[in-house]
file my_file.txt (compact mmCIF, C-alpha atoms)
# COMPACT_ATOMS: atom_id res chain seq x y z
CA MET A 1 0.93 22.47 -23.74
CA ALA A 2 2.09 20.81 -26.91
CA PRO A 3 4.84 22.72 -28.70
CA THR A 4 5.08 23.94 -32.26
CA MET A 5 8.02 22.28 -33.91
CA LEU A 6 10.06 22.46 -37.05
CA GLY A 7 10.73 19.38 -39.11
CA LYS A 8 11.76 18.01 -42.43
CA LYS A 9 9.34 16.50 -44.92
CA LEU A 10 10.82 13.13 -45.85
CA GLY A 11 8.27 11.86 -48.34
CA MET A 12 5.02 9.99 -48.70
CA THR A 13 4.03 6.36 -48.37
CA ARG A 14 0.93 4.45 -47.36
CA VAL A 15 -0.06 2.39 -44.34
CA TYR A 16 -3.05 0.22 -43.51
CA ASP A 17 -5.31 1.25 -40.67
CA GLU A 18 -7.00 -1.22 -38.33
CA ASP A 19 -9.92 -1.62 -40.76
CA GLY A 20 -7.51 -2.67 -43.49
CA LYS A 21 -8.02 0.56 -45.40
CA ILE A 22 -5.11 2.28 -47.04
CA VAL A 23 -4.15 5.62 -45.52
CA PRO A 24 -1.82 7.88 -47.50
CA VAL A 25 0.71 9.43 -45.14
CA THR A 26 3.45 12.01 -45.23
CA VAL A 27 6.47 11.24 -43.09
CA ILE A 28 7.91 14.20 -41.22
CA GLU A 29 11.16 14.12 -39.31
CA LEU A 30 10.08 16.17 -36.32
CA GLY A 31 12.93 17.87 -34.57
CA PRO A 32 14.84 17.52 -32.36
CA CYS A 33 14.20 21.20 -31.71
CA VAL A 34 16.03 23.16 -29.05
CA VAL A 35 14.37 25.98 -27.15
CA THR A 36 16.83 28.75 -27.94
CA GLN A 37 15.07 31.65 -26.26
CA LEU A 38 12.05 32.54 -24.19
CA ARG A 39 10.33 35.78 -25.07
CA THR A 40 8.97 37.55 -22.04
CA PRO A 41 6.49 40.41 -21.74
CA GLU A 42 8.98 42.44 -19.68
CA ARG A 43 11.73 42.40 -22.26
CA ASP A 44 9.99 41.68 -25.57
CA GLY A 45 6.45 42.82 -24.93
CA TYR A 46 4.98 39.39 -25.59
CA SER A 47 5.28 35.84 -24.46
CA ALA A 48 6.65 33.20 -26.82
CA VAL A 49 9.06 30.33 -27.22
CA GLN A 50 11.77 30.31 -29.86
CA VAL A 51 12.99 26.97 -31.15
CA GLY A 52 15.93 26.09 -33.38
CA PHE A 53 16.15 23.14 -35.74
CA GLY A 54 18.77 21.67 -38.04
CA GLU A 55 22.52 21.78 -37.75
CA LYS A 56 24.70 24.44 -39.30
CA ALA A 57 28.45 24.27 -39.44
CA PRO A 58 29.92 26.98 -37.19
CA ARG A 59 32.04 28.27 -40.05
CA ASN A 60 28.84 29.00 -41.96
CA ALA A 61 27.05 30.64 -39.07
CA THR A 62 27.48 34.26 -38.08
CA ILE A 63 29.12 35.07 -34.76
CA PRO A 64 25.92 36.66 -33.38
CA MET A 65 23.91 33.55 -34.23
CA ILE A 66 26.51 31.26 -32.69
CA GLY A 67 26.36 33.38 -29.54
CA HIS A 68 22.57 33.43 -29.56
CA ASP A 69 22.29 29.66 -29.69
CA ALA A 70 25.22 29.19 -27.30
CA LYS A 71 23.14 30.96 -24.64
CA ALA A 72 20.83 27.95 -24.82
CA GLY A 73 23.85 25.69 -24.59
CA THR A 74 23.58 24.36 -28.11
CA THR A 75 25.33 24.41 -31.48
CA PRO A 76 24.24 26.94 -34.12
CA LYS A 77 20.92 26.01 -35.68
CA ARG A 78 19.91 26.46 -39.29
CA PHE A 79 16.29 27.43 -38.73
CA HIS A 80 14.55 29.29 -35.94
CA ALA A 81 10.86 29.80 -35.31
CA GLU A 82 8.68 31.19 -32.58
CA PHE A 83 5.32 30.21 -31.22
CA ARG A 84 3.18 32.07 -28.72
CA VAL A 85 2.46 30.73 -25.27
CA ASP A 86 0.24 32.07 -22.51
CA GLU A 87 1.84 34.50 -20.15
CA GLY A 88 3.28 32.70 -17.16
CA ASP A 89 3.35 29.36 -18.94
CA ALA A 90 6.37 27.63 -17.42
CA SER A 91 6.29 24.42 -19.43
CA PHE A 92 9.31 25.40 -21.52
CA GLU A 93 12.78 26.44 -20.50
CA GLN A 94 15.81 27.61 -22.42
CA GLY A 95 17.97 24.76 -23.68
CA GLN A 96 15.16 22.23 -23.47
CA VAL A 97 15.17 19.69 -26.31
CA LEU A 98 11.81 18.98 -27.94
CA THR A 99 11.27 15.72 -29.78
CA ALA A 100 8.40 13.95 -31.50
CA ALA A 101 7.50 12.41 -28.14
CA ASP A 102 6.36 15.87 -26.98
CA MET A 103 3.61 15.72 -29.62
CA ALA A 104 2.40 12.31 -28.45
CA ASP A 105 -0.97 13.60 -27.22
CA VAL A 106 -1.73 15.60 -30.31
CA LYS A 107 -4.45 14.18 -32.58
CA PHE A 108 -4.59 16.87 -35.25
CA VAL A 109 -1.92 19.19 -36.55
CA ASP A 110 -1.54 22.14 -38.90
CA VAL A 111 1.45 21.91 -41.20
CA SER A 112 3.02 24.87 -43.01
CA GLY A 113 5.67 24.85 -45.66
CA VAL A 114 6.77 26.61 -48.80
CA SER A 115 4.89 25.07 -51.72
CA LYS A 116 6.67 23.82 -54.80
CA GLY A 117 7.31 26.59 -57.30
CA LYS A 118 5.18 26.23 -60.42
CA GLY A 119 6.72 29.10 -62.41
CA PHE A 120 4.49 31.28 -64.58
CA ALA A 121 1.18 29.45 -64.51
CA GLY A 122 -2.08 30.11 -66.32
CA GLY A 123 -5.46 30.84 -64.78
CA MET A 124 -6.59 27.22 -64.77
CA LYS A 125 -3.69 25.94 -62.69
CA ARG A 126 -3.23 29.04 -60.57
CA HIS A 127 -6.83 29.89 -59.69
CA GLY A 128 -8.77 26.80 -60.70
CA PHE A 129 -10.57 28.46 -63.59
CA LYS A 130 -12.56 26.15 -65.81
CA GLY A 131 -11.09 27.36 -69.09
CA GLN A 132 -13.13 27.24 -72.28
CA LEU A 133 -14.82 24.42 -74.11
CA ALA A 134 -12.91 21.72 -75.91
CA SER A 135 -15.04 22.08 -79.03
CA HIS A 136 -18.16 23.98 -80.20
CA GLY A 137 -16.03 26.35 -82.23
CA VAL A 138 -13.48 27.25 -79.57
CA GLU A 139 -10.15 27.72 -81.30
CA ARG A 140 -6.74 28.06 -79.60
CA LYS A 141 -8.40 29.36 -76.43
CA HIS A 142 -9.12 26.20 -74.48
CA ARG A 143 -7.16 27.20 -71.36
CA SER A 144 -7.61 30.95 -71.50
CA PRO A 145 -9.20 32.75 -68.52
CA GLY A 146 -11.95 34.45 -70.52
CA SER A 147 -13.07 38.04 -70.11
CA ILE A 148 -11.26 40.18 -67.56
CA GLY A 149 -13.90 42.87 -67.48
CA GLY A 150 -14.36 46.20 -69.23
CA HIS A 151 -11.73 48.95 -69.39
CA ALA A 152 -14.16 51.82 -69.71
CA ASN A 153 -14.35 54.72 -67.32
CA ASN A 154 -18.07 54.68 -66.93
CA ALA A 155 -18.16 51.51 -64.87
CA GLY A 156 -16.25 53.21 -62.10
CA LYS A 157 -13.12 51.30 -62.90
CA ALA A 158 -11.09 54.29 -64.01
CA GLY A 159 -10.15 52.89 -67.36
CA ARG A 160 -8.09 49.96 -66.18
CA ILE A 161 -8.44 46.43 -64.98
CA LYS A 162 -9.32 46.08 -61.32
CA LYS A 163 -6.42 45.49 -58.97
CA GLY A 164 -6.15 41.95 -57.74
CA LYS A 165 -7.90 40.54 -60.82
CA LYS A 166 -7.05 36.85 -60.97
CA MET A 167 -4.81 36.29 -63.94
CA ALA A 168 -1.85 34.20 -65.01
CA GLY A 169 1.41 34.73 -63.16
CA ARG A 170 3.95 33.32 -60.78
CA PHE A 171 2.50 30.43 -58.82
CA GLY A 172 3.82 28.36 -55.98
CA GLY A 173 6.86 28.97 -53.82
CA GLU A 174 4.74 30.63 -51.15
CA ASN A 175 3.82 29.77 -47.60
CA VAL A 176 0.94 27.34 -47.47
CA THR A 177 -0.71 25.86 -44.40
CA VAL A 178 -2.82 22.74 -44.43
CA ARG A 179 -5.08 22.46 -41.41
CA SER A 180 -6.49 19.68 -39.28
CA LEU A 181 -4.38 16.81 -40.57
CA ASP A 182 -4.81 13.54 -38.69
CA VAL A 183 -1.75 12.31 -36.86
CA VAL A 184 -1.56 8.67 -37.90
CA LYS A 185 1.47 7.63 -35.90
CA ILE A 186 4.37 8.97 -33.91
CA ASP A 187 7.65 7.10 -33.85
CA ALA A 188 9.41 8.48 -30.80
CA ASP A 189 12.54 6.39 -31.31
CA ARG A 190 13.27 7.86 -34.70
CA ASN A 191 11.57 11.23 -34.18
CA LEU A 192 9.07 10.69 -36.93
CA MET A 193 5.50 11.83 -37.32
CA LEU A 194 3.11 10.36 -39.86
CA VAL A 195 0.28 12.66 -40.89
CA LYS A 196 -2.57 11.76 -43.19
CA GLY A 197 -2.40 13.25 -46.65
CA PRO A 198 0.01 15.56 -48.40
CA VAL A 199 1.78 18.59 -46.94
CA PRO A 200 3.17 21.60 -48.84
CA GLY A 201 6.66 21.62 -50.27
CA ALA A 202 9.17 19.28 -51.81
CA ASN A 203 10.74 16.38 -50.01
CA LYS A 204 13.54 17.40 -47.65
CA SER A 205 12.01 20.84 -47.24
CA LEU A 206 11.34 22.59 -43.95
CA VAL A 207 7.88 22.32 -42.45
CA ARG A 208 6.35 23.82 -39.34
CA VAL A 209 4.06 21.55 -37.36
CA CYS A 210 1.73 22.88 -34.68
CA PRO A 211 -1.28 21.41 -32.88
CA SER A 212 -4.43 22.31 -34.78
CA VAL A 213 -5.70 25.76 -33.98
CA ARG A 214 -9.25 24.66 -34.66
CA LEU A 215 -10.82 21.78 -36.50
CA TYR A 216 -13.10 21.72 -39.46
CA LYS A 217 -16.71 21.18 -38.46
CA GLY A 218 -16.98 17.59 -39.63
CA LYS A 219 -13.67 16.66 -38.12
CA ALA A 220 -14.48 18.27 -34.80
CA ALA A 221 -17.68 16.25 -34.61
CA ALA A 222 -15.82 13.06 -35.41
CA ALA A 223 -13.15 13.82 -32.84
CA ALA A 224 -15.74 14.49 -30.14
CA GLY A 225 -17.93 11.50 -30.91
CA MET B 1 19.80 4.87 -43.36
CA GLY B 2 18.77 6.67 -46.51
CA THR B 3 15.41 8.39 -46.72
CA GLN B 4 14.01 5.80 -49.09
CA GLN B 5 15.05 2.93 -46.83
CA LEU B 6 13.51 4.74 -43.90
CA LEU B 7 10.18 5.13 -45.70
CA GLU B 8 10.24 1.45 -46.58
CA SER B 9 11.09 0.45 -43.04
CA LEU B 10 7.89 2.14 -41.86
CA THR B 11 5.79 -0.29 -43.87
CA ASP B 12 7.98 -3.37 -43.36
CA GLU B 13 5.77 -4.86 -40.70
CA GLN B 14 2.68 -4.59 -42.91
CA ILE B 15 4.25 -6.48 -45.79
CA LYS B 16 3.26 -10.13 -45.97
CA THR B 17 6.21 -12.46 -45.75
CA ASP B 18 4.46 -15.82 -45.89
CA LEU B 19 2.99 -15.64 -49.38
CA PRO B 20 3.09 -18.71 -51.58
CA ARG B 21 5.02 -18.32 -54.76
CA PHE B 22 2.75 -17.36 -57.61
CA ASP B 23 3.73 -16.14 -61.02
CA ILE B 24 1.90 -14.40 -63.81
CA GLY B 25 -0.44 -16.86 -65.53
CA ASP B 26 -1.16 -18.93 -62.47
CA THR B 27 -4.75 -19.52 -61.50
CA ILE B 28 -5.19 -18.41 -57.91
CA ASN B 29 -7.88 -18.18 -55.29
CA VAL B 30 -8.11 -14.89 -53.47
CA HIS B 31 -9.92 -15.08 -50.15
CA ALA B 32 -11.19 -11.58 -49.59
CA ARG B 33 -12.63 -10.60 -46.25
CA ILE B 34 -15.81 -8.62 -46.63
CA VAL B 35 -17.23 -6.67 -43.72
CA GLU B 36 -20.98 -6.16 -43.85
CA GLY B 37 -22.05 -4.16 -40.87
CA GLU B 38 -21.07 -6.24 -37.88
CA LYS B 39 -20.62 -9.48 -39.76
CA GLU B 40 -17.59 -10.53 -41.69
CA ARG B 41 -17.43 -13.19 -44.35
CA VAL B 42 -14.89 -14.47 -46.81
CA GLN B 43 -15.46 -14.34 -50.54
CA VAL B 44 -13.30 -16.45 -52.81
CA PHE B 45 -12.38 -15.08 -56.21
CA GLN B 46 -10.75 -17.55 -58.55
CA GLY B 47 -9.03 -16.41 -61.71
CA VAL B 48 -5.86 -15.98 -63.70
CA LEU B 49 -3.22 -13.65 -62.32
CA ILE B 50 -2.63 -11.28 -65.21
CA SER B 51 -0.63 -8.49 -63.63
CA ARG B 52 1.55 -7.64 -60.68
CA LYS B 53 2.71 -4.08 -60.49
CA GLY B 54 4.31 -1.80 -57.93
CA ARG B 55 6.85 -2.52 -55.23
CA GLY B 56 6.73 -3.00 -51.50
CA ILE B 57 3.57 -1.76 -49.83
CA ASN B 58 2.30 -0.46 -53.18
CA GLU B 59 2.25 -3.80 -54.95
CA MET B 60 -1.05 -4.55 -56.68
CA ILE B 61 -2.30 -7.74 -58.28
CA THR B 62 -4.96 -8.12 -60.96
CA VAL B 63 -6.94 -11.33 -61.25
CA ARG B 64 -9.17 -12.05 -64.24
CA ARG B 65 -11.96 -14.57 -64.48
CA ILE B 66 -14.92 -15.21 -66.76
CA VAL B 67 -18.38 -15.01 -65.24
CA ASP B 68 -21.32 -15.80 -67.50
CA ASN B 69 -19.11 -15.20 -70.51
CA ILE B 70 -18.20 -11.75 -69.28
CA GLY B 71 -14.69 -10.97 -68.23
CA VAL B 72 -14.33 -9.75 -64.64
CA GLU B 73 -11.11 -8.32 -63.31
CA ARG B 74 -10.40 -7.40 -59.73
CA THR B 75 -7.38 -5.57 -58.45
CA TRP B 76 -6.16 -5.76 -54.88
CA PRO B 77 -3.22 -4.45 -52.93
CA LEU B 78 -1.12 -7.56 -52.39
CA ASN B 79 -0.45 -6.71 -48.77
CA SER B 80 -3.99 -5.73 -47.83
CA PRO B 81 -5.13 -7.12 -44.47
CA LEU B 82 -8.52 -7.54 -46.14
CA ILE B 83 -7.16 -10.52 -48.04
CA ALA B 84 -7.18 -13.51 -45.74
CA LYS B 85 -5.49 -16.01 -47.96
CA PHE B 86 -4.01 -16.75 -51.38
CA GLU B 87 -4.10 -20.23 -52.89
CA VAL B 88 -2.43 -21.39 -56.07
CA VAL B 89 -4.81 -23.66 -57.94
CA ARG B 90 -2.96 -24.26 -61.17
CA ARG B 91 0.35 -23.22 -62.60
CA GLY B 92 0.01 -21.60 -65.99
CA ASP B 93 2.60 -20.93 -68.63
CA ALA B 94 3.09 -17.28 -69.51
CA ARG B 95 5.83 -15.71 -71.53
CA ARG B 96 5.19 -12.13 -70.61
CA ALA B 97 4.78 -10.12 -67.44
CA LYS B 98 1.34 -8.72 -68.20
CA LEU B 99 -1.34 -10.89 -69.73
CA TYR B 100 -3.58 -8.10 -70.97
CA PHE B 101 -3.86 -9.88 -74.33
CA LEU B 102 -6.26 -12.31 -72.63
CA ARG B 103 -8.86 -9.56 -72.71
CA ASP B 104 -9.10 -9.88 -76.47
CA ARG B 105 -9.22 -13.66 -76.49
CA VAL B 106 -12.49 -15.53 -76.88
CA GLY B 107 -13.37 -19.16 -76.21
CA LYS B 108 -10.77 -21.84 -75.86
CA SER B 109 -7.90 -19.57 -76.74
CA ARG B 110 -8.43 -17.90 -73.36
CA ARG B 111 -6.76 -20.80 -71.68
CA LEU B 112 -3.10 -20.79 -70.86
CA ARG B 113 -0.93 -23.83 -71.27
CA ASP B 114 -0.12 -25.73 -68.12
CA ARG B 115 3.38 -25.09 -67.03
CA ARG B 116 5.01 -28.42 -67.68
CA ARG B 117 8.34 -27.04 -68.71
CA GLY B 118 10.58 -25.55 -66.08
CA MET B 119 8.46 -26.63 -63.16
CA LYS B 120 11.29 -28.05 -61.15
CA HIS B 121 12.17 -24.90 -59.29
CA ILE B 122 8.66 -24.54 -57.91
CA GLU B 123 7.86 -28.19 -57.32
CA GLY B 124 6.84 -28.93 -53.78
CA MET B 125 6.49 -25.27 -52.87
CA LYS B 126 3.54 -24.50 -50.70
CA THR B 127 0.50 -23.22 -52.48
CA VAL B 128 -1.42 -21.77 -49.55
CA HIS B 129 -0.36 -19.27 -47.00
call {"tool": "encode", "arguments": {"input": "my_file.txt", "output": "structure tokens"}}
result
Amino acid sequence: MAPTMLGKKLGMTRVYDEDGKIVPVTVIELGPCVVTQLRTPERDGYSAVQVGFGEKAPRNATIPMIGHDAKAGTTPKRFHAEFRVDEGDASFEQGQVLTAADMADVKFVDVSGVSKGKGFAGGMKRHGFKGQLASHGVERKHRSPGSIGGHANNAGKAGRIKKGKKMAGRFGGENVTVRSLDVVKIDADRNLMLVKGPVPGANKSLVRVCPSVRLYKGKAAAAAG
Amino acid sequence: MGTQQLLESLTDEQIKTDLPRFDIGDTINVHARIVEGEKERVQVFQGVLISRKGRGINEMITVRRIVDNIGVERTWPLNSPLIAKFEVVRRGDARRAKLYFLRDRVGKSRRLRDRRRGMKHIEGMKTVH
């Protein structure tokens, strides 16, 4: 079973495929991740693998964390993450080092990261609203969200705007997952993975890469045929 | 290795190293490979190189020619595998990096002066790759 791994987004570039077409790719430094703990049904109530990624100076790590990672025979790690495995799956063991080579068979991946913070954004940027017209008498309202509904009691809305109404507000800086990205190339020597298209977050930020849970319809058909 | 160098190293092998020297203002032939179904043929586009922009794998060239008195410009990635060959036909004299002013020129003034001055450093250089 292919592991879920943590990595660092390095940046984007482009490569040519065998047809000579340009493919935009994001370069991810994938691991090395160390298996720091195995969760077992007996002790934890579920079955999972915990991996650690990124170095942390021991003076910056807490004693419990140093001890936790030392049990796996490794230095303190900056990030930890878990992924579920089937009960009785013995393909991972504590202290095992996972590298990009372990993802060699994977064709499609899901990548999660914390998106770039956009600050206080309006409805057009945050929710994709169309805004108002550029002309035809529209004045100073070109990017406004429009009506947010009535405030009256009689519509069953209790005299206030409905909860969850899409409006302007803080945008970005949240967990985002992009699914079914093509793996263009894996460079086992340098622990790099090239995936097609952009992934969430700024360069140098932490990303979580796992084999695709399921593919989009079109992509699944293409992968099968 | 810095991150930027690492990103560039990923595309190193796809960058063409055997290009002839061509400068802005030169008339060049671009041999573009065109795939039609199963068959593949080569189409030659001859025109004046009016722009080179971008670096490394992102470098793009723009070639302008006049067809039936209508200006036609095509832009290619310099390192595209779909370009089989570049040939330098004529060296032209240009004093700027982008020759967009040619778009406004009509008739004889479209032509660029042959590069007679300062040719020494490119004399004898190969013109085909």
call {"tool": "closest_atom_pairs", "arguments": {"input": "my_file.txt", "of": "chain B", "to": "chain A", "cutoff": "12 Å", "atoms": "all atoms listed in the file", "output": "JSON lines"}}
result
{"residue": "B:Met1", "atom": "CA", "partner": "A:Arg190", "partner_atom": "CA", "distance": 11.3}
{"residue": "B:Gly2", "atom": "CA", "partner": "A:Leu10", "partner_atom": "CA", "distance": 10.3}
{"residue": "B:Thr3", "atom": "CA", "partner": "A:Leu10", "partner_atom": "CA", "distance": 6.7}
{"residue": "B:Gln4", "atom": "CA", "partner": "A:Gly11", "partner_atom": "CA", "distance": 8.4}
{"residue": "B:Gln5", "atom": "CA", "partner": "A:Leu10", "partner_atom": "CA", "distance": 11.1}
{"residue": "B:Leu6", "atom": "CA", "partner": "A:Leu10", "partner_atom": "CA", "distance": 9.0}
{"residue": "B:Leu7", "atom": "CA", "partner": "A:Thr13", "partner_atom": "CA", "distance": 6.8}
{"residue": "B:Glu8", "atom": "CA", "partner": "A:Thr13", "partner_atom": "CA", "distance": 8.1}
{"residue": "B:Ser9", "atom": "CA", "partner": "A:Thr13", "partner_atom": "CA", "distance": 10.6}
{"residue": "B:Leu10", "atom": "CA", "partner": "A:Val15", "partner_atom": "CA", "distance": 8.3}
{"residue": "B:Thr11", "atom": "CA", "partner": "A:Val15", "partner_atom": "CA", "distance": 6.5}
{"residue": "B:Asp12", "atom": "CA", "partner": "A:Val15", "partner_atom": "CA", "distance": 9.9}
{"residue": "B:Glu13", "atom": "CA", "partner": "A:Val15", "partner_atom": "CA", "distance": 10.0}
{"residue": "B:Gln14", "atom": "CA", "partner": "A:Tyr16", "partner_atom": "CA", "distance": 7.5}
{"residue": "B:Ile15", "atom": "CA", "partner": "A:Val15", "partner_atom": "CA", "distance": 10.0}
{"residue": "B:Ala32", "atom": "CA", "partner": "A:Gly20", "partner_atom": "CA", "distance": 11.4}
{"residue": "B:Arg33", "atom": "CA", "partner": "A:Gly20", "partner_atom": "CA", "distance": 9.8}
{"residue": "B:Ile34", "atom": "CA", "partner": "A:Gly20", "partner_atom": "CA", "distance": 10.7}
{"residue": "B:Val35", "atom": "CA", "partner": "A:Asp19", "partner_atom": "CA", "distance": 9.4}
{"residue": "B:Glu40", "atom": "CA", "partner": "A:Asp19", "partner_atom": "CA", "distance": 11.8}
{"residue": "B:Arg55", "atom": "CA", "partner": "A:Thr13", "partner_atom": "CA", "distance": 11.6}
{"residue": "B:Gly56", "atom": "CA", "partner": "A:Thr13", "partner_atom": "CA", "distance": 10.2}
{"residue": "B:Ile57", "atom": "CA", "partner": "A:Arg14", "partner_atom": "CA", "distance": 7.2}
{"residue": "B:Asn58", "atom": "CA", "partner": "A:Arg14", "partner_atom": "CA", "distance": 7.7}
{"residue": "B:Glu59", "atom": "CA", "partner": "A:Arg14", "partner_atom": "CA", "distance": 11.3}
{"residue": "B:Trp76", "atom": "CA", "partner": "A:Ile22", "partner_atom": "CA", "distance": 11.3}
{"residue": "B:Pro77", "atom": "CA", "partner": "A:Ile22", "partner_atom": "CA", "distance": 9.1}
{"residue": "B:Leu78", "atom": "CA", "partner": "A:Ile22", "partner_atom": "CA", "distance": 11.9}
{"residue": "B:Asn79", "atom": "CA", "partner": "A:Tyr16", "partner_atom": "CA", "distance": 9.1}
{"residue": "B:Ser80", "atom": "CA", "partner": "A:Gly20", "partner_atom": "CA", "distance": 6.4}
{"residue": "B:Pro81", "atom": "CA", "partner": "A:Gly20", "partner_atom": "CA", "distance": 5.1}
{"residue": "B:Leu82", "atom": "CA", "partner": "A:Gly20", "partner_atom": "CA", "distance": 5.6}
{"residue": "B:Ile83", "atom": "CA", "partner": "A:Gly20", "partner_atom": "CA", "distance": 9.1}
{"residue": "B:Ala84", "atom": "CA", "partner": "A:Gly20", "partner_atom": "CA", "distance": 11.1}
call {"tool": "atom_distance", "arguments": {"input": "my_file.txt", "atom1": "atom CA of B:Arg74", "atom2": "atom CA of A:Val184"}}
result
28.5 Å
call {"tool": "closest_residue", "arguments": {"input": "my_file.txt", "among": "A:Val49, A:Val207, A:Val176, A:Ala223", "to": "A:Val106", "atoms": "all atoms listed in the file"}}
result
A:Ala223
call {"tool": "atom_distance", "arguments": {"input": "my_file.txt", "atom1": "atom CA of A:Ala48", "atom2": "atom CA of A:Pro198"}}
result
28.7 Å
call {"tool": "atom_distance", "arguments": {"input": "my_file.txt", "atom1": "atom CA of A:Ile63", "atom2": "atom CA of A:Arg78"}}
result
13.4 Å
call {"tool": "residues_around", "arguments": {"input": "my_file.txt", "residues": "A:Asp189", "least_positions_apart": "5", "cutoff": "10 Å", "atoms": "all atoms listed in the file", "output": "list in words"}}
result
Thr99, Ala100 and Ala101 of chain A
call {"tool": "closest_residue", "arguments": {"input": "my_file.txt", "among": "A:Ser180, A:Gln50, A:Thr62, A:Ser147", "to": "A:Leu6", "atoms": "all atoms listed in the file"}}
result
A:Gln50
call {"tool": "residues_around", "arguments": {"input": "my_file.txt", "residues": "A:Met103", "least_positions_apart": "2", "cutoff": "12 Å", "atoms": "only C-alpha atoms", "output": "ChimeraX atom specification"}}
result
/A:1-6,30-32,98-101,105-109,183,185-188,191-194,209-212
call {"tool": "write_last_selection", "arguments": {"input": "my_file.txt", "atoms": "C-alpha atoms", "output": "CSV table (one decimal), in the frame of the given file"}}
result
chain,number,residue,atom,x,y,z
A,1,MET,CA,0.9,22.5,-23.7
A,2,ALA,CA,2.1,20.8,-26.9
A,3,PRO,CA,4.8,22.7,-28.7
A,4,THR,CA,5.1,23.9,-32.3
A,5,MET,CA,8.0,22.3,-33.9
A,6,LEU,CA,10.1,22.5,-37.0
A,30,LEU,CA,10.1,16.2,-36.3
A,31,GLY,CA,12.9,17.9,-34.6
A,32,PRO,CA,14.8,17.5,-32.4
A,98,LEU,CA,11.8,19.0,-27.9
A,99,THR,CA,11.3,15.7,-29.8
A,100,ALA,CA,8.4,14.0,-31.5
A,101,ALA,CA,7.5,12.4,-28.1
A,105,ASP,CA,-1.0,13.6,-27.2
A,106,VAL,CA,-1.7,15.6,-30.3
A,107,LYS,CA,-4.4,14.2,-32.6
A,108,PHE,CA,-4.6,16.9,-35.2
A,109,VAL,CA,-1.9,19.2,-36.6
A,183,VAL,CA,-1.8,12.3,-36.9
A,185,LYS,CA,1.5,7.6,-35.9
A,186,ILE,CA,4.4,9.0,-33.9
A,187,ASP,CA,7.6,7.1,-33.8
A,188,ALA,CA,9.4,8.5,-30.8
A,191,ASN,CA,11.6,11.2,-34.2
A,192,LEU,CA,9.1,10.7,-36.9
A,193,MET,CA,5.5,11.8,-37.3
A,194,LEU,CA,3.1,10.4,-39.9
A,209,VAL,CA,4.1,21.6,-37.4
A,210,CYS,CA,1.7,22.9,-34.7
A,211,PRO,CA,-1.3,21.4,-32.9
A,212,SER,CA,-4.4,22.3,-34.8
